[in-house]
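Text of structure_11.txt (compact mmCIF, C-alpha atoms) as supplied:
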# COMPACT_ATOMS: atom_id res chain seq x y z
CA MET A 4 63.54 105.83 88.47
CA GLU A 5 64.73 104.05 85.30
CA PHE A 6 68.42 103.94 84.44
CA ASN A 7 68.15 106.28 81.48
CA GLU A 8 66.35 108.67 83.76
CA LEU A 9 69.23 108.38 86.26
CA LYS A 10 71.68 109.33 83.52
CA SER A 11 69.64 112.30 82.42
CA THR A 12 69.21 113.45 86.04
CA TRP A 13 72.98 113.11 86.53
CA ASN A 14 73.59 115.24 83.45
CA THR A 15 71.30 118.01 84.69
CA VAL A 16 73.22 118.53 87.94
CA LYS A 17 74.47 122.09 88.04
CA THR A 18 77.87 122.50 89.64
CA PRO A 19 79.54 125.57 91.18
CA GLU A 20 82.05 127.48 89.05
CA ILE A 21 85.49 128.16 90.44
CA SER A 22 87.46 130.95 88.82
CA SER A 23 90.80 130.33 87.11
CA ILE A 24 92.54 132.57 89.66
CA GLU A 25 91.16 130.52 92.54
CA MET A 26 92.00 127.30 90.70
CA ARG A 27 95.61 128.37 90.09
CA LYS A 28 96.03 128.95 93.84
CA MET A 29 95.03 125.32 94.40
CA PHE A 30 98.14 124.09 92.58
CA SER A 31 100.24 125.52 95.36
CA GLU A 32 101.36 123.41 98.32
CA ASN A 33 100.77 126.39 100.59
CA ARG A 34 97.01 126.21 100.00
CA HIS A 35 96.70 122.43 100.30
CA PRO A 36 94.44 121.66 103.30
CA ALA A 37 96.23 118.54 104.61
CA LEU A 38 99.76 119.73 103.83
CA LYS A 39 99.05 123.08 105.46
CA SER A 40 98.13 121.44 108.77
CA ILE A 41 101.10 119.04 108.63
CA ARG A 42 103.41 122.00 107.99
CA LYS A 43 101.91 123.95 110.89
CA GLN A 44 102.33 120.97 113.22
CA LEU A 45 105.89 120.43 112.00
CA ILE A 46 106.90 124.04 112.64
CA ILE A 47 105.38 124.06 116.14
CA GLU A 48 107.04 120.72 117.00
CA ILE A 49 110.44 121.71 115.62
CA ILE A 50 110.39 124.97 117.61
CA GLY A 51 109.36 123.07 120.75
CA TRP A 52 112.02 120.40 120.35
CA CYS A 53 114.70 122.99 119.58
CA ILE A 54 113.85 124.82 122.81
CA LEU A 55 113.98 121.52 124.72
CA LEU A 56 117.31 120.56 123.14
CA ILE A 57 118.78 123.98 123.98
CA CYS A 58 117.59 123.85 127.60
CA TYR A 59 117.68 120.18 128.63
CA TYR A 60 121.43 119.97 129.10
CA THR A 61 121.46 122.36 132.05
CA MET A 62 117.77 122.39 133.07
CA PHE A 63 117.30 118.64 133.21
CA ASP A 64 120.83 117.70 134.30
CA GLY A 65 121.91 116.45 130.90
CA ASP A 66 125.47 117.47 131.80
CA LYS A 67 125.41 115.12 134.82
CA LYS A 68 124.24 112.11 132.78
CA PRO A 69 126.34 109.86 130.52
CA VAL A 70 126.83 110.78 126.87
CA TRP A 71 124.87 107.75 125.57
CA ILE A 72 121.70 108.81 127.40
CA ASN A 73 122.05 112.33 125.99
CA ILE A 74 122.42 110.89 122.48
CA LEU A 75 119.40 108.66 123.11
CA LEU A 76 117.30 111.71 124.06
CA VAL A 77 118.37 113.67 120.97
CA PHE A 78 117.69 110.61 118.78
CA SER A 79 114.23 110.06 120.26
CA ILE A 80 113.36 113.72 119.69
CA LEU A 81 114.56 113.57 116.09
CA LEU A 82 112.43 110.50 115.34
CA PRO A 83 108.99 112.18 115.38
CA VAL A 84 110.39 115.12 113.39
CA ILE A 85 111.74 112.76 110.69
CA HIS A 86 108.46 110.85 110.77
CA ASN A 87 106.44 114.03 110.24
CA LEU A 88 108.69 115.03 107.33
CA MET A 89 108.01 111.59 105.81
CA GLY A 90 104.28 112.13 106.37
CA TYR A 91 104.44 115.43 104.54
CA ARG A 92 105.97 113.80 101.47
CA PHE A 93 103.57 110.90 101.77
CA ALA A 94 100.44 113.13 101.79
CA LYS A 95 101.73 114.91 98.69
CA TYR A 96 101.50 111.93 96.34
CA LEU A 97 98.23 109.98 96.50
CA VAL A 98 98.26 108.68 92.95
CA GLN A 99 100.66 105.74 92.61
CA GLY A 100 99.71 103.76 89.52
CA THR A 101 98.31 103.66 85.99
CA ASN A 102 94.81 102.58 87.06
CA ILE A 103 92.79 103.03 90.26
CA GLN A 104 93.22 99.48 91.51
CA GLU A 105 96.98 99.40 90.99
CA SER A 106 97.32 102.85 92.51
CA LEU A 107 95.29 101.94 95.61
CA LYS A 108 97.28 98.73 96.13
CA ASN A 109 100.59 100.59 95.95
CA TYR A 110 99.24 103.31 98.19
CA LEU A 111 97.96 100.76 100.73
CA ALA A 112 101.41 99.13 100.92
CA LYS A 113 102.93 102.56 101.61
CA VAL A 114 100.29 103.44 104.22
CA LYS A 115 100.99 100.14 106.02
CA ARG A 116 104.71 100.89 106.16
CA TYR A 117 104.05 104.45 107.27
CA ALA A 118 101.60 103.29 109.98
CA ALA A 119 104.13 100.80 111.36
CA ILE A 120 106.85 103.49 111.44
CA SER A 121 104.37 105.89 113.07
CA ILE A 122 103.61 103.51 115.95
CA ILE A 123 107.24 102.42 116.45
CA SER A 124 108.68 105.95 116.32
CA LYS A 125 106.11 107.23 118.82
CA GLN A 126 107.01 104.47 121.26
CA LEU A 127 110.76 104.89 120.80
CA PHE A 128 110.32 108.59 121.46
CA LEU A 129 108.39 107.97 124.69
CA ILE A 130 110.85 105.28 125.85
CA GLY A 131 113.79 107.60 125.12
CA LEU A 132 112.23 110.40 127.17
CA LEU A 133 111.39 108.03 130.01
CA LEU A 134 114.89 106.56 130.12
CA PHE A 135 116.46 110.02 130.16
CA PHE A 136 114.30 111.39 132.95
CA THR A 137 114.43 108.24 135.10
CA TYR A 138 118.16 107.63 134.69
CA GLY A 139 119.94 107.73 138.04
CA LEU A 140 116.70 108.01 140.03
CA THR A 141 116.36 106.04 143.22
CA PHE A 142 112.99 104.34 143.05
CA ASN A 143 110.55 104.16 145.95
CA THR A 144 106.88 103.10 146.03
CA SER A 145 105.44 106.41 144.82
CA LYS A 146 107.93 106.56 141.95
CA TYR A 147 107.08 102.99 140.97
CA ILE A 148 103.38 103.93 140.98
CA SER A 149 104.16 106.94 138.76
CA LEU A 150 106.12 104.67 136.43
CA VAL A 151 103.19 102.25 136.18
CA ILE A 152 100.80 105.16 135.42
CA ILE A 153 103.16 106.48 132.71
CA GLY A 154 103.44 102.93 131.31
CA LEU A 155 99.66 102.72 131.18
CA ILE A 156 99.40 106.05 129.38
CA PHE A 157 101.97 104.82 126.82
CA THR A 158 100.01 101.61 126.30
CA ILE A 159 96.73 103.48 125.82
CA GLN A 160 98.48 105.69 123.30
CA ILE A 161 99.77 102.68 121.33
CA VAL A 162 96.29 101.16 121.31
CA LEU A 163 94.67 104.42 120.16
CA THR A 164 97.26 105.02 117.41
CA TYR A 165 96.93 101.41 116.28
CA ARG A 166 93.13 101.69 116.14
CA ILE A 167 93.24 104.88 114.07
CA TRP A 168 95.57 103.27 111.53
CA ALA A 169 93.68 99.96 111.53
CA LYS A 170 90.46 101.83 110.68
CA ARG A 171 92.11 103.76 107.84
CA LEU A 172 93.76 100.64 106.43
CA ALA A 173 90.52 98.65 106.66
CA GLY A 174 88.71 101.36 104.66
CA LEU A 175 91.32 101.27 101.90
CA GLU A 176 91.43 97.46 101.85
CA LYS A 177 87.64 97.35 101.57
CA SER A 178 87.69 99.68 98.55
CA ILE A 179 90.38 97.58 96.85
CA ASN A 180 88.48 94.33 97.53
CA LEU A 181 85.26 95.79 96.16
CA LEU A 182 87.00 96.83 92.98
CA SER A 183 88.70 93.49 92.35
CA MET B 6 101.70 121.10 79.10
CA ASP B 7 102.28 124.44 80.78
CA GLU B 8 100.30 125.87 83.68
CA ARG B 9 98.03 127.98 81.47
CA GLN B 10 97.05 125.06 79.21
CA PHE B 11 96.52 122.87 82.24
CA LEU B 12 94.30 125.48 83.84
CA ILE B 13 92.10 125.67 80.73
CA LEU B 14 91.70 121.89 80.73
CA ILE B 15 90.80 121.68 84.41
CA ASN B 16 88.36 124.56 84.00
CA GLU B 17 86.57 122.68 81.24
CA HIS B 18 86.25 119.59 83.41
CA GLN B 19 85.59 121.13 86.81
CA GLY B 20 81.95 120.02 86.68
CA ILE B 21 82.87 116.36 87.00
CA ILE B 22 85.28 117.09 89.86
CA HIS B 23 82.45 118.86 91.72
CA LYS B 24 80.12 115.90 91.15
CA ILE B 25 82.74 113.48 92.50
CA CYS B 26 83.24 115.69 95.57
CA ARG B 27 79.49 115.78 96.16
CA LEU B 28 79.32 111.99 95.89
CA TYR B 29 82.25 111.24 98.19
CA ARG B 30 81.84 113.89 100.87
CA ASP B 31 78.77 114.95 102.88
CA VAL B 32 79.73 118.35 104.25
CA ARG B 33 80.47 121.47 102.19
CA GLU B 34 83.84 122.09 103.87
CA ASP B 35 84.97 118.51 103.16
CA ARG B 36 83.87 118.85 99.53
CA GLU B 37 85.91 122.02 99.16
CA ASP B 38 88.94 120.29 100.66
CA LEU B 39 88.51 117.31 98.34
CA PHE B 40 88.13 119.60 95.32
CA GLN B 41 91.39 121.27 96.25
CA GLU B 42 93.08 117.91 96.86
CA ILE B 43 91.97 116.60 93.46
CA THR B 44 93.13 119.76 91.67
CA PHE B 45 96.48 119.52 93.48
CA GLN B 46 96.91 115.83 92.60
CA LEU B 47 96.01 116.54 88.96
CA TRP B 48 98.65 119.23 88.84
CA LYS B 49 101.24 117.01 90.58
CA SER B 50 100.65 114.16 88.14
CA HIS B 51 100.04 116.13 84.95
CA ASN B 52 103.41 114.98 83.61
CA SER B 53 102.15 111.38 83.77
CA PHE B 54 99.38 112.19 81.29
CA LYS B 55 100.02 110.40 78.01
CA ASN B 56 98.48 111.80 74.87
CA ASN B 57 97.29 108.34 73.76
CA SER B 58 94.38 108.58 76.23
CA LYS B 59 91.66 111.21 76.44
CA ILE B 60 92.29 113.98 78.96
CA SER B 61 88.84 113.39 80.46
CA THR B 62 89.70 109.72 81.11
CA TRP B 63 92.86 110.79 82.89
CA ILE B 64 90.96 113.36 84.97
CA TYR B 65 88.34 110.76 86.00
CA ARG B 66 91.11 108.37 87.07
CA ILE B 67 93.04 110.86 89.18
CA ALA B 68 89.89 112.42 90.68
CA LEU B 69 88.30 109.11 91.71
CA ASN B 70 91.64 107.74 92.93
CA THR B 71 92.10 110.81 95.12
CA ALA B 72 88.53 110.68 96.44
CA ILE B 73 88.98 107.05 97.53
CA ALA B 74 92.55 107.32 98.83
CA SER B 75 92.39 110.59 100.77
CA PHE B 76 91.43 110.12 104.38
CA ARG B 77 88.17 111.61 105.52
CA LYS B 78 88.12 113.94 108.47
CA LYS B 79 86.32 112.79 111.60
CA LYS B 80 82.61 112.55 110.83
CA GLN B 81 80.80 115.79 111.40
CA ASP B 82 77.15 116.29 112.08
CA ILE B 83 75.17 116.68 108.89
CA GLU B 84 74.13 120.31 108.48
CA TYR B 85 70.38 120.67 108.23
CA ARG B 86 69.46 123.73 106.25
CA PRO B 87 66.11 125.21 105.22
CA THR B 88 67.13 124.84 101.56
CA LEU B 89 68.88 122.00 99.79
CA PRO B 90 72.72 122.15 99.61
CA GLU B 91 74.68 124.51 97.37
CA PHE B 92 74.18 122.52 94.19
CA ALA B 93 70.44 122.94 94.39
CA GLU B 94 70.34 126.56 95.44
CA GLU B 95 70.25 127.79 91.86
CA GLN B 96 67.82 125.09 90.85
CA PRO B 97 64.44 126.59 89.99
CA ASP B 98 62.80 123.30 89.00
CA GLU B 99 61.65 121.71 92.24
CA GLU B 100 60.91 118.34 90.73
CA LEU B 101 64.34 118.16 89.13
CA ALA B 102 66.00 119.19 92.40
CA LEU B 103 64.11 116.42 94.16
CA ARG B 104 65.15 113.85 91.56
CA GLN B 105 68.78 114.91 91.92
CA GLU B 106 68.55 114.64 95.69
CA ARG B 107 67.08 111.14 95.39
CA LEU B 108 69.79 110.12 92.96
CA PHE B 109 72.62 111.41 95.14
CA GLY B 110 70.91 110.02 98.24
CA ALA B 111 71.04 106.54 96.71
CA LEU B 112 74.53 106.86 95.19
CA LYS B 113 76.03 108.08 98.46
CA GLN B 114 74.98 104.85 100.15
CA LEU B 115 77.14 102.78 97.80
CA ASP B 116 80.68 101.73 98.67
CA ASP B 117 83.56 103.85 97.39
CA GLY B 118 84.48 101.37 94.64
CA ASP B 119 80.90 101.09 93.40
CA LYS B 120 80.58 104.87 93.42
CA ALA B 121 83.60 105.09 91.09
CA ILE B 122 82.17 102.59 88.61
CA ILE B 123 78.68 104.11 88.55
CA THR B 124 80.11 107.63 88.16
CA LEU B 125 81.99 106.54 85.05
CA TYR B 126 78.88 104.81 83.74
CA LEU B 127 76.71 107.88 84.33
CA GLU B 128 79.34 109.96 82.54
CA ASP B 129 78.71 107.76 79.49
CA LEU B 130 82.09 106.06 79.36
CA SER B 131 82.27 102.73 77.53
CA TYR B 132 82.86 99.46 79.41
CA GLN B 133 86.37 99.39 77.93
CA GLN B 134 87.15 102.88 79.22
CA ILE B 135 85.75 102.04 82.67
CA ALA B 136 87.83 98.83 82.70
CA ASP B 137 91.02 100.78 81.84
CA ILE B 138 90.42 103.40 84.51
CA ILE B 139 89.53 100.96 87.30
CA GLY B 140 91.99 98.20 86.31
CA ILE B 141 89.54 95.31 85.85
CA SER B 142 88.34 93.38 82.80
CA GLU B 143 85.59 94.66 80.52
CA ASN B 144 83.40 91.66 81.35
CA TYR B 145 83.77 92.28 85.04
CA VAL B 146 82.66 95.88 84.54
CA GLY B 147 79.40 94.49 83.15
CA VAL B 148 78.98 92.16 86.12
CA LYS B 149 79.75 94.93 88.61
CA LEU B 150 77.39 97.38 86.90
CA ASN B 151 74.52 94.90 86.99
CA ARG B 152 75.04 94.41 90.72
CA ILE B 153 75.26 98.15 91.31
CA LYS B 154 72.09 98.78 89.28
CA ILE B 155 70.19 96.29 91.45
CA LYS B 156 71.53 97.97 94.59
CA ILE B 157 70.44 101.39 93.31
CA GLN B 158 66.98 100.14 92.32
CA ASN B 159 66.57 98.71 95.82
CA LEU B 160 67.76 101.94 97.42
CA LEU B 161 65.43 104.04 95.28
CA SER B 162 62.42 101.84 95.98
CA CYS B 163 62.91 102.09 99.78
Encoded form (structure tokens):
Amino acid sequence: MEFNELKSTWNTVKTPEISSIEMRKMFSENRHPALKSIRKQLIIEIIGWCILLICYYTMFDGDKKPVWINILLVFSILLPVIHNLMGYRFAKYLVQGTNIQESLKNYLAKVKRYAAISIISKQLFLIGLLLFFTYGLTFNTSKYISLVIIGLIFTIQIVLTYRIWAKRLAGLEKSINLLS
Amino acid sequence: MDERQFLILINEHQGIIHKICRLYRDVREDREDLFQEITFQLWKSHNSFKNNSKISTWIYRIALNTAIASFRKKKQDIEYRPTLPEFAEEQPDEELALRQERLFGALKQLDDGDKAIITLYLEDLSYQQIADIIGISENYVGVKLNRIKIKIQNLLSC
């Protein structure tokens, strides 16, 4: 196929027609595919954490533990919520510059920061939970084994989260390098 | 620009948004999501549009930027259907449909950056316009396009 032929073939491609009514709905955040799922996740998580915060004080002996460990638990629960709120704002604005290359570079810098916060906040959350629930426990062999298993699960989670972000960042970096 | 004016403009240019979605996503559902994402990003950044550039140039920039920057969902199995995908369903000319499939088949194998440059070239934009949208020099657009053309020729001759 010659290049002029490619152009003419490109120009003959028929595309679907979306009505103005349907198009107008797409301007709304409520219909946005990614934002919709982040919102859903946020609502479910906030409800879950609220229930936990209401119940933990009596159900999980929060009243018998020092104030600092209670504050630590509340803080570690708030972290993923704040992180998700950041993610929501982040997903809303993809275009960050006056040309594609500049925009992708700015966006990549933001994704890197967001990825680092994502990994750190997840770990702080897990450490906070672990400290709260293990505080005051007398450790024996089986409890140590449980602790090692939990530690392993945490580590696997860090590795998996890191790999997901590394893959996304590599894809963006590749596109920027190919354009420059 | 109010919502009504914006809607008219997007309606006029929806063809190019569909083509970009077809180029950057393999599955119908992903294309629909990308179409919606591009429309949303256009609306979000419509205040950044300056009248000293053509509206179509601005739409190309935002649409391609969004297609490259938005994260793809986990890869799904390609749907095999007895007919060609939705674009070709209304296509009575079999030979033309085949040519389009070959063209998209080759273009889809390019990297995201190359896809952006070739899209702008196929849309008949000048080297200067392509350079402004991508953020590279006019000369480099020529170099890149030559490389992409060779890649496409190789892909089409396979």
Separation of atom CA of Ile159 of chain A from atom CA of Pro83 of chain A in Å
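Rounded to one decimal, the two atoms are 18.3 Å apart.
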Between atom CA of Thr71 of chain B and atom CA of Gln160 of chain A lies a distance of 29.3 Å
Using all atoms listed in the file, what table do you get, as CSV, when you list each residue of chain A with an atom no more than 8 Å from chain B, its nearest pair of atoms, and their distance in Å rounded to one decimal, rows by chain then rising number?
residue,atom,partner,partner_atom,distance
A:Met4,CA,B:Leu161,CA,7.3
A:Phe6,CA,B:Lys154,CA,8.0
A:Leu9,CA,B:Leu108,CA,6.9
A:Lys10,CA,B:Leu127,CA,5.3
A:Thr12,CA,B:Gln105,CA,6.1
A:Trp13,CA,B:Leu127,CA,6.8
A:Asn14,CA,B:Glu128,CA,7.9
A:Val16,CA,B:Gln105,CA,7.0
A:Lys17,CA,B:Phe92,CA,6.2
A:Thr18,CA,B:Gly20,CA,5.6
A:Pro19,CA,B:Phe92,CA,6.9
A:Glu20,CA,B:Gln19,CA,7.6
A:Ile21,CA,B:Gln19,CA,7.9
A:Ser23,CA,B:Leu12,CA,6.8
A:Met26,CA,B:Leu12,CA,7.5
A:Arg27,CA,B:Leu12,CA,7.0
A:Met29,CA,B:Gln41,CA,5.8
A:Phe30,CA,B:Phe45,CA,4.9
A:Ser31,CA,B:Phe45,CA,7.3
A:Glu32,CA,B:Phe45,CA,7.9
A:His35,CA,B:Glu42,CA,6.7
A:Pro36,CA,B:Asp38,CA,6.3
A:Lys95,CA,B:Gln46,CA,7.8
A:Tyr96,CA,B:Gln46,CA,7.1
A:Leu97,CA,B:Thr71,CA,6.3
A:Val98,CA,B:Asn70,CA,6.7
A:Asn102,CA,B:Ile138,CA,5.1
A:Ile103,CA,B:Ile139,CA,4.9
A:Gln104,CA,B:Gly140,CA,5.5
A:Glu105,CA,B:Gly140,CA,6.9
A:Ser106,CA,B:Asn70,CA,7.5
A:Leu107,CA,B:Ala74,CA,6.8
A:Tyr110,CA,B:Ala74,CA,7.8
A:Arg171,CA,B:Phe76,CA,7.3
A:Leu175,CA,B:Ala74,CA,6.9
A:Ser178,CA,B:Gly118,CA,5.3
A:Ile179,CA,B:Gly118,CA,7.4
A:Leu181,CA,B:Gly118,CA,5.8
A:Leu182,CA,B:Gly118,CA,5.5
A:Ser183,CA,B:Ile141,CA,6.8
Let's have the selection written as a CSV table (one decimal), in the frame of the given file, with C-alpha atoms.
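Saved as part.csv:
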chain,number,residue,atom,x,y,z
A,4,MET,CA,63.5,105.8,88.5
A,6,PHE,CA,68.4,103.9,84.4
A,9,LEU,CA,69.2,108.4,86.3
A,10,LYS,CA,71.7,109.3,83.5
A,12,THR,CA,69.2,113.4,86.0
A,13,TRP,CA,73.0,113.1,86.5
A,14,ASN,CA,73.6,115.2,83.4
A,16,VAL,CA,73.2,118.5,87.9
A,17,LYS,CA,74.5,122.1,88.0
A,18,THR,CA,77.9,122.5,89.6
A,19,PRO,CA,79.5,125.6,91.2
A,20,GLU,CA,82.0,127.5,89.0
A,21,ILE,CA,85.5,128.2,90.4
A,23,SER,CA,90.8,130.3,87.1
A,26,MET,CA,92.0,127.3,90.7
A,27,ARG,CA,95.6,128.4,90.1
A,29,MET,CA,95.0,125.3,94.4
A,30,PHE,CA,98.1,124.1,92.6
A,31,SER,CA,100.2,125.5,95.4
A,32,GLU,CA,101.4,123.4,98.3
A,35,HIS,CA,96.7,122.4,100.3
A,36,PRO,CA,94.4,121.7,103.3
A,95,LYS,CA,101.7,114.9,98.7
A,96,TYR,CA,101.5,111.9,96.3
A,97,LEU,CA,98.2,110.0,96.5
A,98,VAL,CA,98.3,108.7,93.0
A,102,ASN,CA,94.8,102.6,87.1
A,103,ILE,CA,92.8,103.0,90.3
A,104,GLN,CA,93.2,99.5,91.5
A,105,GLU,CA,97.0,99.4,91.0
A,106,SER,CA,97.3,102.8,92.5
A,107,LEU,CA,95.3,101.9,95.6
A,110,TYR,CA,99.2,103.3,98.2
A,171,ARG,CA,92.1,103.8,107.8
A,175,LEU,CA,91.3,101.3,101.9
A,178,SER,CA,87.7,99.7,98.6
A,179,ILE,CA,90.4,97.6,96.8
A,181,LEU,CA,85.3,95.8,96.2
A,182,LEU,CA,87.0,96.8,93.0
A,183,SER,CA,88.7,93.5,92.4
Just to confirm, what's the straight-line distance from atom CA of Glu48 of chain A to atom CA of Val84 of chain A in Å (one decimal)?
7.5 Å
Protein and nucleic acid residues near (70.4, 101.3, 100.0) (cut-off 9 Å, all atoms listed in the file) as a PyMOL selection string
chain B and resi 110-115+156-163
Just C-alpha atoms for this one: save the residues we selected as a PDB file, in the frame of the given file.
ATOM      1  CA  GLY B 110      70.910 110.020  98.240  1.00  0.00           C
ATOM      2  CA  ALA B 111      71.040 106.540  96.710  1.00  0.00           C
ATOM      3  CA  LEU B 112      74.530 106.860  95.190  1.00  0.00           C
ATOM      4  CA  LYS B 113      76.030 108.080  98.460  1.00  0.00           C
ATOM      5  CA  GLN B 114      74.980 104.850 100.150  1.00  0.00           C
ATOM      6  CA  LEU B 115      77.140 102.780  97.800  1.00  0.00           C
ATOM      7  CA  LYS B 156      71.530  97.970  94.590  1.00  0.00           C
ATOM      8  CA  ILE B 157      70.440 101.390  93.310  1.00  0.00           C
ATOM      9  CA  GLN B 158      66.980 100.140  92.320  1.00  0.00           C
ATOM     10  CA  ASN B 159      66.570  98.710  95.820  1.00  0.00           C
ATOM     11  CA  LEU B 160      67.760 101.940  97.420  1.00  0.00           C
ATOM     12  CA  LEU B 161      65.430 104.040  95.280  1.00  0.00           C
ATOM     13  CA  SER B 162      62.420 101.840  95.980  1.00  0.00           C
ATOM     14  CA  CYS B 163      62.910 102.090  99.780  1.00  0.00           C
TER      15      CYS B 163
END
Edge lengths and centre, in Å to one decimal, as JSON: that's what I need for the box along x, y and z that holds all listed atoms of segment 8-25 of chain A plus 3 Å on each side.
{"center_x": 79.4, "center_y": 120.5, "center_z": 87.5, "size_x": 32.2, "size_y": 30.2, "size_z": 16.1}
What's around segment 132-137 of chain A at 12 Å? Count only C-alpha atoms, leave out sequence neighbours fewer than 3 positions away in its own chain, and write the answer as JSON, numbers by chain.
{"A": [55, 59, 60, 62, 63, 64, 65, 66, 67, 68, 69, 70, 71, 72, 73, 74, 75, 76, 77, 78, 79, 80, 81, 82, 125, 126, 127, 128, 129, 140, 141, 142, 146, 147, 149, 150, 151, 153, 154, 157]}
I'd like the neighbourhood of Arg92 of chain A as a VMD selection string, where a residue qualifies if any of its atoms comes within 12 Å (using all atoms listed in the file), though same-chain residues fewer than 4 positions away should be ignored.
chain A and resid 32 37 to 38 41 to 42 85 to 88 96 to 97 113 117
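Of the residues under consideration (A:Ile123, A:Cys58, A:Ala118, A:Met89), A:Ala118 shows the shortest atom-to-atom contact distance to Arg166 of chain A when counting all atoms listed in the file.
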Which one is closest to Lys115 of chain A: A:Leu172, A:Gly131, A:Ser145, A:Gln44? Count only C-alpha atoms.
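Between A:Leu172, A:Gly131, A:Ser145, A:Gln44, the residue approaching Lys115 of chain A most closely is A:Leu172.
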As a ChimeraX atom specification, please: the residues near Tyr165 of chain A (cut-off 9 Å, all atoms listed in the file, same-chain neighbours under 4 positions excluded).
/A:118-119,122,160-161,169-170
Across B:Asp7, B:Arg33, B:Gln134, B:Asn151, the smallest distance to Ser58 of chain B, with all atoms listed in the file counted, is shown by B:Gln134
